[in-house]
Amino acid sequence: MTETARQRPEFRNINAISDLPNYRLPAAGWVSILHRVSGALMFLLMPFIIWMFDASITSEISFAKFAAAFNVGLGFIPGWFMKLVALAIIWAYLHHFIAGIRHLYMDSFHAVTKEFGKSSAVVTLVLSLGLTVVLAAKLFGLY
Amino acid sequence: MSVNHGSKRITTGAHYGLRDWLAQRITAALMAAFTVLVLVQFIFTSGPVGYEEWAGIFATQWMKFLTFVTILSLLYHAWIGIRDIWMDYIKPLGLRLFLHVASLVWLIGCAGWAVQALWRL
């Protein structure tokens, strides 16, 4: 091995707490990491999602319990907190869905220019966050 | 031609990730189509959506068929995604194996629960 090859720099000293918050990601970078975060979030909350599915379709009684969980709460958990969790799932689904469509589009049309990467990333963020705000207003009864 | 099987099998290189890559996209497309299908039925229901209307969306045999396909797609899709996360960040082999097994148990259990709720309807 030559001297230059051995001295190739390797960066394995990234500190998650002190370094990551200072990273300035481009829009596509945000879409990418949030795609992963939203996927992991839905993976962790999957039992709650299936509980909602189960309770909402099984019977009139379970449906009423499902609705009450968000209006009056579930056990010691208040209703507004249940709504916040549901909102987190709504955001995660919207982001994952739209970023996924972006992936499929790029794969299908080989749209891999730098400009398209940026503009489509901005569209993804604006759409997912915008729709989340709209649905949040609906969820908390603003309209 | 070098030996490429048994203990000499090359576990990296061309095509090795193609199947997962393709499966990730096909399952994604199936789930996206299902999402639109449910949304359309939800939006075009006349009047407020109560239990009857909501459960009615999933009650027909063809919707059960498609919902089942979606649950299995989700299982496979989430497995590939979560496995990639562990492979990226978790380097100790024993811990990674444990997390892989835990993820599989979690996902298969969740899929079973979802299928049970669906076919009871």
# chains A, B, ... in the order shown; residues from 1 in each chain; ligands from 1

$ interface_residues --of "chain B" --to "chain A" --cutoff "9 Å" --atoms "only C-alpha atoms" --output "PyMOL selection string"
chain B and resi 25+28-29+32+50-52+54-56+58-59+78+81-82+85+106-107+110-111+113-114+116-118+120-121

$ residues_around --residues "Ala137 (chain A)" --least-positions-apart "5" --cutoff "12 Å" --atoms "only C-alpha atoms" --output "VMD selection string"
chain A and resid 83 to 84 87 130 to 132 142 to 143

$ residues_around --residues "Val123 (chain A)" --least-positions-apart "5" --cutoff "12 Å" --atoms "only C-alpha atoms" --output "list in words"
Ala27, Ala28, Val31, His95, Ile98, Ala99, Ile101, Arg102, Phe116, Gly117, Lys118, Ser128, Leu129, Gly130 and Leu131 of chain A

$ atom_distance --atom1 "CA of Ala69 (chain A)" --atom2 "CA of Pro48 (chain B)"
19.1 Å

$ atom_distance --atom1 "CA of His110 (chain A)" --atom2 "CA of Leu18 (chain B)"
16.8 Å

$ residues_around --residues "Thr70 (chain B)" --least-positions-apart "4" --cutoff "12 Å" --atoms "only C-alpha atoms" --output "PDB file with N, CA and C atoms, in the first residue's frame"
ATOM      1  N   ILE B  26     -42.217  -1.789  -6.041  1.00  0.00           N
ATOM      2  CA  ILE B  26     -43.498  -2.409  -6.417  1.00  0.00           C
ATOM      3  C   ILE B  26     -44.470  -2.360  -5.236  1.00  0.00           C
ATOM      4  N   THR B  27     -43.995  -2.710  -4.030  1.00  0.00           N
ATOM      5  CA  THR B  27     -44.878  -2.660  -2.863  1.00  0.00           C
ATOM      6  C   THR B  27     -45.309  -1.220  -2.593  1.00  0.00           C
ATOM      7  N   ALA B  28     -44.416  -0.259  -2.826  1.00  0.00           N
ATOM      8  CA  ALA B  28     -44.769   1.153  -2.633  1.00  0.00           C
ATOM      9  C   ALA B  28     -45.885   1.560  -3.583  1.00  0.00           C
ATOM     10  N   ALA B  29     -45.767   1.155  -4.848  1.00  0.00           N
ATOM     11  CA  ALA B  29     -46.782   1.512  -5.838  1.00  0.00           C
ATOM     12  C   ALA B  29     -48.127   0.882  -5.473  1.00  0.00           C
ATOM     13  N   LEU B  30     -48.098  -0.374  -5.013  1.00  0.00           N
ATOM     14  CA  LEU B  30     -49.339  -1.051  -4.615  1.00  0.00           C
ATOM     15  C   LEU B  30     -50.011  -0.312  -3.458  1.00  0.00           C
ATOM     16  N   MET B  31     -49.214   0.086  -2.457  1.00  0.00           N
ATOM     17  CA  MET B  31     -49.772   0.768  -1.285  1.00  0.00           C
ATOM     18  C   MET B  31     -50.288   2.160  -1.654  1.00  0.00           C
ATOM     19  N   ALA B  32     -49.572   2.833  -2.549  1.00  0.00           N
ATOM     20  CA  ALA B  32     -50.015   4.163  -2.976  1.00  0.00           C
ATOM     21  C   ALA B  32     -51.352   4.060  -3.705  1.00  0.00           C
ATOM     22  N   ALA B  33     -51.480   3.050  -4.584  1.00  0.00           N
ATOM     23  CA  ALA B  33     -52.734   2.854  -5.320  1.00  0.00           C
ATOM     24  C   ALA B  33     -53.871   2.549  -4.345  1.00  0.00           C
ATOM     25  N   PHE B  34     -53.585   1.725  -3.344  1.00  0.00           N
ATOM     26  CA  PHE B  34     -54.609   1.378  -2.353  1.00  0.00           C
ATOM     27  C   PHE B  34     -55.039   2.618  -1.563  1.00  0.00           C
ATOM     28  N   THR B  35     -54.066   3.457  -1.211  1.00  0.00           N
ATOM     29  CA  THR B  35     -54.373   4.697  -0.482  1.00  0.00           C
ATOM     30  C   THR B  35     -55.348   5.563  -1.269  1.00  0.00           C
ATOM     31  N   LEU B  37     -57.365   4.577  -3.618  1.00  0.00           N
ATOM     32  CA  LEU B  37     -58.634   3.854  -3.709  1.00  0.00           C
ATOM     33  C   LEU B  37     -59.505   4.089  -2.465  1.00  0.00           C
ATOM     34  N   VAL B  38     -58.897   3.997  -1.274  1.00  0.00           N
ATOM     35  CA  VAL B  38     -59.647   4.207  -0.026  1.00  0.00           C
ATOM     36  C   VAL B  38     -60.079   5.670   0.079  1.00  0.00           C
ATOM     37  N   MET B  63     -62.449  -5.651  -1.722  1.00  0.00           N
ATOM     38  CA  MET B  63     -61.642  -4.736  -0.906  1.00  0.00           C
ATOM     39  C   MET B  63     -60.841  -5.504   0.141  1.00  0.00           C
ATOM     40  N   LYS B  64     -61.418  -6.603   0.651  1.00  0.00           N
ATOM     41  CA  LYS B  64     -60.652  -7.447   1.580  1.00  0.00           C
ATOM     42  C   LYS B  64     -59.437  -8.044   0.870  1.00  0.00           C
ATOM     43  N   PHE B  65     -59.668  -8.486  -0.337  1.00  0.00           N
ATOM     44  CA  PHE B  65     -58.589  -9.027  -1.175  1.00  0.00           C
ATOM     45  C   PHE B  65     -57.463  -7.995  -1.312  1.00  0.00           C
ATOM     46  N   LEU B  66     -57.847  -6.772  -1.691  1.00  0.00           N
ATOM     47  CA  LEU B  66     -56.843  -5.724  -1.917  1.00  0.00           C
ATOM     48  C   LEU B  66     -56.200  -5.254  -0.606  1.00  0.00           C
ATOM     49  N   LEU B  74     -46.978  -3.982   2.903  1.00  0.00           N
ATOM     50  CA  LEU B  74     -46.451  -3.167   3.995  1.00  0.00           C
ATOM     51  C   LEU B  74     -45.414  -3.948   4.802  1.00  0.00           C
ATOM     52  N   LEU B  75     -45.737  -5.207   5.067  1.00  0.00           N
ATOM     53  CA  LEU B  75     -44.821  -6.073   5.819  1.00  0.00           C
ATOM     54  C   LEU B  75     -43.460  -6.153   5.137  1.00  0.00           C
ATOM     55  N   TYR B  76     -43.487  -6.418   3.836  1.00  0.00           N
ATOM     56  CA  TYR B  76     -42.252  -6.586   3.074  1.00  0.00           C
ATOM     57  C   TYR B  76     -41.498  -5.256   2.946  1.00  0.00           C
ATOM     58  N   HIS B  77     -42.253  -4.196   2.628  1.00  0.00           N
ATOM     59  CA  HIS B  77     -41.689  -2.859   2.435  1.00  0.00           C
ATOM     60  C   HIS B  77     -41.012  -2.366   3.718  1.00  0.00           C
ATOM     61  N   ALA B  78     -41.714  -2.515   4.844  1.00  0.00           N
ATOM     62  CA  ALA B  78     -41.169  -2.046   6.126  1.00  0.00           C
ATOM     63  C   ALA B  78     -39.957  -2.880   6.527  1.00  0.00           C
ATOM     64  N   ALA B 111     -48.673  -7.729  11.244  1.00  0.00           N
ATOM     65  CA  ALA B 111     -49.385  -8.163  10.035  1.00  0.00           C
ATOM     66  C   ALA B 111     -50.491  -9.147  10.413  1.00  0.00           C
ATOM     67  N   ALA B 114     -53.415  -7.208  11.912  1.00  0.00           N
ATOM     68  CA  ALA B 114     -54.156  -6.474  10.886  1.00  0.00           C
ATOM     69  C   ALA B 114     -55.031  -7.415  10.063  1.00  0.00           C
ATOM     70  N   VAL B 115     -54.475  -8.575   9.713  1.00  0.00           N
ATOM     71  CA  VAL B 115     -55.233  -9.555   8.916  1.00  0.00           C
ATOM     72  C   VAL B 115     -56.421 -10.078   9.720  1.00  0.00           C
ATOM     73  N   LEU B 118     -59.115  -7.536   9.745  1.00  0.00           N
ATOM     74  CA  LEU B 118     -59.723  -7.439   8.414  1.00  0.00           C
ATOM     75  C   LEU B 118     -60.710  -8.576   8.150  1.00  0.00           C
TER      76      LEU B 118
END
